[in-house]
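Colleague: I have a structure here, written as C-alpha cells, and I will follow up with some questions on it.
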Protein chains: 2
Amino acid sequence: MTAGEQLLVEQADFVAAVAARLREFLAGRQEIMSAISPDIDPIMDSISNLVTGGKRLRALMCYWGWRGAGGSAGAGEIVTAGAALELFQAAALIHDDIIDRSDTRRGGPSVHRRFGQLHREQGWALDGERFGQAAGILAGDLCLSFSEEAFTDIGPRAASGSTARLIFNLMRAEVMAGQYLDILEEVAGPVRDRTQAVSRAQSIIRFKSAKYSTEHPLALGGALAGAPDDLLRGYSAFALPLGEAFQLRDDVLGVFGDPVTTGKPAGDDLREGKRTVLVALALEQSGDAESAFIDRKLGSPDLDSTDVAEIRRIIVDCGALQATELLIGQYADNALSALAELPVDEFSRSALRKLAEASVSRAS
Amino acid sequence: MTAGEQLLVEQADFVAAVAARLREFLAGRQEIMSAISPDIDPIMDSISNLVTGGKRLRALMCYWGWRGAGGSAGAGEIVTAGAALELFQAAALIHDDIIDRSDTRRGGPSVHRRFGQLHREQGWALDGERFGQAAGILAGDLCLSFSEEAFTDIGPRAASGSTARLIFNLMRAEVMAGQYLDILEEVAGPVRDRTQAVSRAQSIIRFKSAKYSTEHPLALGGALAGAPDDLLRGYSAFALPLGEAFQLRDDVLGVFGDPVTTGKPAGDDLREGKRTVLVALALEQSGDAESAFIDRKLGSPDLDSTDVAEIRRIIVDCGALQATELLIGQYADNALSALAELPVDEFSRSALRKLAEASVSRAS
C-alpha cells in the first residue's frame with residue numbers, strides 16, 4: 001500500500017467509526033425517547049437523517065489534529081470527539097435553516113420543512129409552517145444537548161478545565177456570535193458605513209465559519225492528544241486562513257454553484273440576503289445604479305431567476321468574483337505555507353494538505 | 001433565631017450566591033463576546049436580564065436536595081449547579097416564547113420581541129419580526145451552551161458518567177421531548193381520540209414540567225451530595241406529584257390568573273392553543289356545542305376577551321376547574337405524604353414543605 005492509499009484507508013476507517021458511534025449514541029437516546037412516547041420518533045429521525053450525511057470536514061480536521069499531535073489511529077476518544085462535532089454541526093444546521101428560511105438541506109427538505117410536511121400529511125390543525133418551525137427549534141435544541149453529551153463522553157481528556165473543553169466552549173460561543181453578526185449584517189448592513197462592509201463580512205466569516213469549521217476542530221483534536229502550545233499556534237496559522245478560503249468558496253458557490261451539486265436552489269444566498277465578502281466587494285466596486293440594484297434585491301423573497309442572473313453579471317463585470325478568487329488563492333497559500341512549517345509527521349501533513357485542497361476547490 | 005428564620009436566611013444566602021455566580025459567569029463570557037464585536041452586547045444583555053428574575057424554583061429544589069442528602073450549606077458546587085439550572089431555564093424560556101409567540105415575559109417584552117424592537121428603533125432593513133426570531137433562536141442556543149458550561153464547572157462531582165450528569169442529561173432531553181409533545185397536541189389534539197385527551201395532557205405535564213421543574217432538580221442536588229438510591233427514590237415520590245400540582249396550578253393561572261401578577265396577558269394559554277389538563281377536562285365534561293366552541297377558539301390568534309370570558313364560563317360550569325383543583329389537592333397530598341417519610345433532617349424537610357406550599361398555592 002502506498003502512503004496515499006494508507007491515508008485514504010485510515011481516513012475511511014475513521015469516518016466509518018464516527019458513523020458507527022453516532023448510530024450507537026442515537027440508538028441509546030432513541031430508547032429513552034421511545035419510553036416517553038413514540039410521537040417523538042420524527043424528532044429523532046430528523047437528527048439521525050442529518051448526521052448520516054455531510055462532508056465530515058470538522059470531524060476530519062479534529063482527527064488529523066489528533067494524529068499530528070501524536071494521538072494513535074482510531075482511538076476511542078477521537079471517534080467520540082468526531083461524533084460530538086458532527087452532532088453540533090447538525091444542531092447548527094437545523095437552526096440555521098430556520099433562521100435562513102432554507103427549504104432544502106443536502107438535496108432533501110430541511111428539518112422544519114419536514115415537520116411542515118408531516119403536519120400536512122396528517123391533516124393536523126392550526127398553522128403547519130409555525131408547527132414546523134417550533135419542531136425544528138426543539139429538534140435543534142435536543143441535538144445541541146446531544147452534542148454536549150457526546151463531548152463529555154470523551155472522558156477525562158475533555159473534563160472540566162481541560163484545554164479541549166475550553167476550545168469546545170469557545171467554538172460554540174463564537175459560531176453563535178458569528179451567526180448573530182451574519183443576520184445583523186443582513187438587516188443593518190444597508191444602513192451602515194458602506195466602506196466598512198468588506199471588513200465586516202470578513203469578520204463574520206472568521207467567527208461564523210473559519211474558526212468553527214477548521215481552526216477549532218483541528219485545535220480540539222490536538223488538545224485531546226496533549227499538543228503543546230506552539231503546535232496549537234501552528235495549527236491556527238494553518239487552519240484559520242484555510243477556513244476563510246473555505247467560506248469564501250462557499251459564498252461563491254452560494255451565488256454561482258450548480259444546484260444539482262450544492263443541493264441548494266440557485267441564488268439561495270442572495271434570496272436570504274447574505275452580505276458575504278463577495279457581495280460586499282460587488283457593492284464597493286460596481287456603479288451606483290448597480291449597487292442600488294443589489295441593495296434592493298438582496299433578501300427579497302420574490303427575487304427571480306432574472307434578478308439572480310443580473311446580480312451574477314454585476315458581480316462578474318465589476319471584478320468582485322475575480323477579487324474573491326484572488327483572496328481564496330491568497331488565503332490558501334497562507335494556509336499551505338503554515339502547513340509546510342508545522343511540526344507534524346509527513347503522513348499527517350499530507351492528510352491535512354488533501355483536506356485543505358478539497359475544501360478550497362470543491363464544487364459542493 | 002428560630003428554625004424558620006434560620007431557614008429563610010440560609011435560603012436567601014443561597015439565592016444571593018447563585019445571583020452572584022451568574023453575574024460572575026456572564027461577566028466572563030461578556031469579555032469573550034466583546035472581543036468579537038460590541039454588536040453582540042444585546043444578546044448578552046437579553047440573557048443577563050432574563051436570569052436576574054424568576055422564582056428560582058429549580059435552583060432551590062436542587063439546593064434542598066443537596067442539603068437533605070448531607071451537603072453543606074452554601075458550598076461552591078451547589079451554587080454553581082443552581083446557576084446552571086437557572087441558565088438552562090432562561091434558554092428554555094427564550095425558545096419557548098418564540099414557539100408560543102409570547103410577546104411578554106415577566107412583565108417585559110420577550111427576548112425575540114426585544115430584538116424586533118431594536119430593529120424598529122434602529123431603522124434596519126428587511127423584516128424585523130423575522131430578525132427578532134432569528135436573534136432569539138441564537139440567544140437561546142448561546143444560553144443553552146452557557147448552562148452546560150456552568151454545569152461542567154461544578155467539577156468532579158458532575159464529571160462524565162456521574163449520576164448528577166446523567167440526571168442533567170435526562171432532564172434536558174425529557175423537557176425538550178415534553179415541549180414537542182405539547183406543540184404536537186396543539187395541532188394533533190383536535191383530530192386525535194378525544195377520550196385520551198386528559199391522559200395525553202397529563203403525560204405532557206409530567207415531562208415538560210414536573211420532571212423538569214421539581215423531580216430532576218431535587219435529584220440533581222441529592223446526587224451531587226452523594227445521596228443513596230433510596231433517598232433519590234424518595235425524592236421522586238415527593239417531587240413528581242409536586243411538579244404535577246405545580247403545572248396544574250400554572251394551567252389554572254394561564255386561564256384565570258391576574259395579568260398584573262402573572263406578567264402575561266389574560267387568556268394567553270388559550271390564544272396559544274395549549275391543550276392543558278384543564279382544557280382537556282373541559283372538552284370531556286362540557287356539552288357538544290360548548291366543546292366545539294372551545295375547539296374552534298383554541299389557538300385562534302383573534303381570540304378576544306369575550307371569547308376568553310366564554311371559555312372561562314364553560315370551564316367553570318362543566319366542573320373542569322373544580323376537577324383540576326381536586327387533582328392539585330390530591331397531587332399535593334401525595335407529595336406531602338412522601339415528604340413526611342423522606343429520610344432527611346427536619347430542617348431540610350421544612351424547607352421542602354415551604355417550597356411545596358408556595359408552588360401549589362401561588363398566584364403568579
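Each chain in the C-alpha cells gets a letter, A, B and so on, in the order shown; residues start at 1 in every chain, and ligands are counted from 1 in the order they appear.
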Give the strand (DSSP E or B) residues of range 31-262 of chain B, as assigned by DSSP on the backbone, as a list in words.
Modeller: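 DSSP-assigned strand (DSSP E or B) residues in range 31-262 of chain B: Thr104, Arg105, Gly108 and Pro109 of chain B.
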Colleague: Would you mind listing, as a PyMOL selection string, all residues of chain A that have at least one atom within 6 Å of chain B, where only C-alpha atoms are what counts?
Modeller: chain A and resi 99+124-126+134+152-153+155+160+187-188
Colleague: So that I have them on file, write out the residues from the current selection with C-alpha atoms, as an mmCIF file, in the first residue's frame.
Modeller:
```
data_model
loop_
_atom_site.group_PDB
_atom_site.id
_atom_site.type_symbol
_atom_site.label_atom_id
_atom_site.label_comp_id
_atom_site.auth_asym_id
_atom_site.auth_seq_id
_atom_site.Cartn_x
_atom_site.Cartn_y
_atom_site.Cartn_z
ATOM 1 C CA ILE A 99 -33.131 31.356 10.532
ATOM 2 C CA TRP A 124 -53.398 18.386 11.678
ATOM 3 C CA ALA A 125 -54.993 21.656 12.822
ATOM 4 C CA LEU A 126 -53.717 25.239 13.022
ATOM 5 C CA ALA A 134 -41.365 25.069 16.548
ATOM 6 C CA THR A 152 -18.494 14.728 27.752
ATOM 7 C CA ASP A 153 -18.391 11.005 26.858
ATOM 8 C CA GLY A 155 -13.948 11.338 29.415
ATOM 9 C CA SER A 160 -13.838 20.470 33.358
ATOM 10 C CA VAL A 187 -30.649 43.985 8.252
ATOM 11 C CA ALA A 188 -28.125 46.594 9.465
#
```
Colleague: So how many Å separate CA of Phe14 in chain B and CA of Glu86 in chain B, to one decimal?
Modeller: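 One can read the CA of Phe14 in chain B to CA of Glu86 in chain B distance as 13.0 Å.
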Colleague: Figure out the distance between CA of Ala84 in chain B and CA of Val15 in chain B, please, to one decimal in Å.
Modeller: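 Interatomic distance here is 13.0 Å.
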Colleague: Which residues are near range 320-329 of chain A? Cut-off 12 Å, only C-alpha atoms, ignore same chain within fewer than 2 positions. Put them as a ChimeraX atom specification.
Modeller: /A:198,202,241-253,255-256,276-286,291,311-318,331-336,356-357,359-361
Colleague: Could you write out that same residue set with N, CA and C atoms as a short mmCIF file (atom, residue, chain, number, x, y, z; two decimals), in the first residue's frame?
Modeller:
```cif
data_model
loop_
_atom_site.label_atom_id
_atom_site.label_comp_id
_atom_site.auth_asym_id
_atom_site.auth_seq_id
_atom_site.Cartn_x
_atom_site.Cartn_y
_atom_site.Cartn_z
N VAL A 198 -16.84 45.29 3.53
CA VAL A 198 -15.97 44.13 3.27
C VAL A 198 -15.33 43.66 4.58
N GLN A 202 -15.72 40.07 6.40
CA GLN A 202 -14.57 39.22 6.73
C GLN A 202 -14.59 38.78 8.19
N PRO A 241 -6.65 30.72 8.00
CA PRO A 241 -6.79 31.13 6.59
C PRO A 241 -7.46 30.05 5.73
N LEU A 242 -7.23 28.78 6.07
CA LEU A 242 -7.90 27.72 5.32
C LEU A 242 -9.42 27.85 5.46
N GLY A 243 -9.87 28.09 6.68
CA GLY A 243 -11.31 28.22 6.92
C GLY A 243 -11.89 29.44 6.22
N GLU A 244 -11.08 30.51 6.14
CA GLU A 244 -11.55 31.70 5.43
C GLU A 244 -11.69 31.41 3.95
N ALA A 245 -10.71 30.69 3.40
CA ALA A 245 -10.80 30.30 1.99
C ALA A 245 -12.00 29.39 1.77
N PHE A 246 -12.21 28.46 2.71
CA PHE A 246 -13.33 27.52 2.63
C PHE A 246 -14.66 28.27 2.55
N GLN A 247 -14.82 29.30 3.41
CA GLN A 247 -16.09 30.02 3.44
C GLN A 247 -16.25 30.91 2.21
N LEU A 248 -15.15 31.51 1.74
CA LEU A 248 -15.24 32.32 0.52
C LEU A 248 -15.66 31.43 -0.65
N ARG A 249 -15.14 30.21 -0.69
CA ARG A 249 -15.55 29.26 -1.72
C ARG A 249 -17.05 28.97 -1.58
N ASP A 250 -17.50 28.82 -0.35
CA ASP A 250 -18.92 28.58 -0.08
C ASP A 250 -19.77 29.75 -0.59
N ASP A 251 -19.27 30.95 -0.38
CA ASP A 251 -20.00 32.15 -0.81
C ASP A 251 -20.10 32.20 -2.34
N VAL A 252 -19.01 31.84 -3.00
CA VAL A 252 -19.02 31.81 -4.47
C VAL A 252 -20.04 30.76 -4.94
N LEU A 253 -20.00 29.58 -4.30
CA LEU A 253 -20.95 28.51 -4.67
C LEU A 253 -22.40 28.93 -4.38
N VAL A 255 -23.73 31.67 -4.88
CA VAL A 255 -24.24 32.52 -5.95
C VAL A 255 -24.09 31.85 -7.32
N PHE A 256 -22.96 31.16 -7.51
CA PHE A 256 -22.66 30.60 -8.84
C PHE A 256 -22.74 29.08 -8.91
N THR A 276 -22.20 38.66 2.03
CA THR A 276 -20.90 37.99 2.06
C THR A 276 -19.80 38.93 1.58
N VAL A 277 -18.55 38.47 1.68
CA VAL A 277 -17.43 39.25 1.16
C VAL A 277 -17.63 39.48 -0.34
N LEU A 278 -18.08 38.43 -1.04
CA LEU A 278 -18.34 38.54 -2.49
C LEU A 278 -19.34 39.67 -2.78
N VAL A 279 -20.41 39.71 -2.03
CA VAL A 279 -21.45 40.73 -2.23
C VAL A 279 -20.92 42.10 -1.81
N ALA A 280 -20.20 42.14 -0.67
CA ALA A 280 -19.67 43.42 -0.19
C ALA A 280 -18.70 44.01 -1.21
N LEU A 281 -17.87 43.14 -1.83
CA LEU A 281 -16.95 43.61 -2.86
C LEU A 281 -17.72 44.15 -4.07
N ALA A 282 -18.81 43.47 -4.42
CA ALA A 282 -19.62 43.92 -5.55
C ALA A 282 -20.25 45.28 -5.26
N LEU A 283 -20.74 45.46 -4.03
CA LEU A 283 -21.34 46.74 -3.65
C LEU A 283 -20.29 47.85 -3.72
N GLU A 284 -19.06 47.52 -3.36
CA GLU A 284 -17.99 48.51 -3.32
C GLU A 284 -17.50 48.85 -4.73
N GLN A 285 -17.42 47.82 -5.59
CA GLN A 285 -16.75 48.01 -6.88
C GLN A 285 -17.68 48.32 -8.04
N SER A 286 -18.98 48.11 -7.87
CA SER A 286 -19.89 48.36 -9.00
C SER A 286 -20.37 49.81 -8.99
N SER A 291 -25.08 48.94 -7.67
CA SER A 291 -25.05 48.61 -6.24
C SER A 291 -26.43 48.86 -5.62
N ILE A 311 -27.62 39.98 -10.97
CA ILE A 311 -26.65 40.17 -9.88
C ILE A 311 -25.35 39.42 -10.21
N ARG A 312 -25.49 38.21 -10.75
CA ARG A 312 -24.29 37.46 -11.16
C ARG A 312 -23.46 38.28 -12.16
N ARG A 313 -24.17 38.87 -13.13
CA ARG A 313 -23.47 39.65 -14.15
C ARG A 313 -22.70 40.81 -13.51
N ILE A 314 -23.39 41.52 -12.59
CA ILE A 314 -22.73 42.65 -11.92
C ILE A 314 -21.49 42.16 -11.16
N ILE A 315 -21.66 41.06 -10.42
CA ILE A 315 -20.54 40.54 -9.62
C ILE A 315 -19.34 40.19 -10.50
N VAL A 316 -19.62 39.63 -11.67
CA VAL A 316 -18.53 39.28 -12.59
C VAL A 316 -17.93 40.54 -13.21
N ASP A 317 -18.81 41.41 -13.75
CA ASP A 317 -18.32 42.57 -14.51
C ASP A 317 -17.53 43.55 -13.65
N CYS A 318 -17.92 43.75 -12.41
CA CYS A 318 -17.22 44.73 -11.57
C CYS A 318 -15.93 44.16 -11.00
N TYR A 331 -5.43 33.23 0.72
CA TYR A 331 -5.66 32.52 1.98
C TYR A 331 -5.14 31.09 1.89
N ALA A 332 -5.42 30.44 0.74
CA ALA A 332 -4.97 29.05 0.58
C ALA A 332 -3.45 28.98 0.62
N ASP A 333 -2.79 29.95 -0.02
CA ASP A 333 -1.32 29.98 0.01
C ASP A 333 -0.80 30.14 1.43
N ASN A 334 -1.42 31.08 2.17
CA ASN A 334 -1.01 31.28 3.57
C ASN A 334 -1.16 29.99 4.36
N ALA A 335 -2.29 29.32 4.13
CA ALA A 335 -2.55 28.07 4.87
C ALA A 335 -1.49 27.04 4.52
N LEU A 336 -1.19 26.90 3.24
CA LEU A 336 -0.24 25.87 2.83
C LEU A 336 1.18 26.19 3.29
N ALA A 356 -7.21 20.35 2.87
CA ALA A 356 -7.17 21.77 2.51
C ALA A 356 -7.53 21.95 1.04
N GLU A 357 -6.93 21.12 0.19
CA GLU A 357 -7.19 21.26 -1.25
C GLU A 357 -8.66 20.98 -1.57
N SER A 359 -11.21 21.38 0.40
CA SER A 359 -12.08 22.43 0.94
C SER A 359 -12.14 23.63 0.02
N VAL A 360 -11.02 23.94 -0.59
CA VAL A 360 -10.90 25.20 -1.29
C VAL A 360 -11.35 25.09 -2.75
N SER A 361 -11.19 23.90 -3.35
CA SER A 361 -11.51 23.79 -4.78
C SER A 361 -12.80 23.02 -5.03
#
```
Colleague: Near Arg67 in chain A, within 10 Å and counting only C-alpha atoms, which residues show up once chain neighbours fewer than 6 positions away are dropped, as a list in words?
Modeller: Met61, Ala73, Gly74, Ala75, Ile78, Gly221, Gly222, Ala225, Val344, Asp345, Phe347, Ser348, Arg349 and Ala351 of chain A
Colleague: Give me, please, the distance in Å between CA of Ala83 in chain A and CA of Leu224 in chain B, quoted to one decimal.
Modeller: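 Rounded to one decimal, the two atoms are 27.8 Å apart.
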Colleague: Quick one: pick out all helix (DSSP H, G or I) residues within range 105-261 of chain A from a backbone DSSP run and write them as a ChimeraX atom specification.
Modeller: /A:111-122,128-153,156-158,163-191,194-224,229-256,259-261
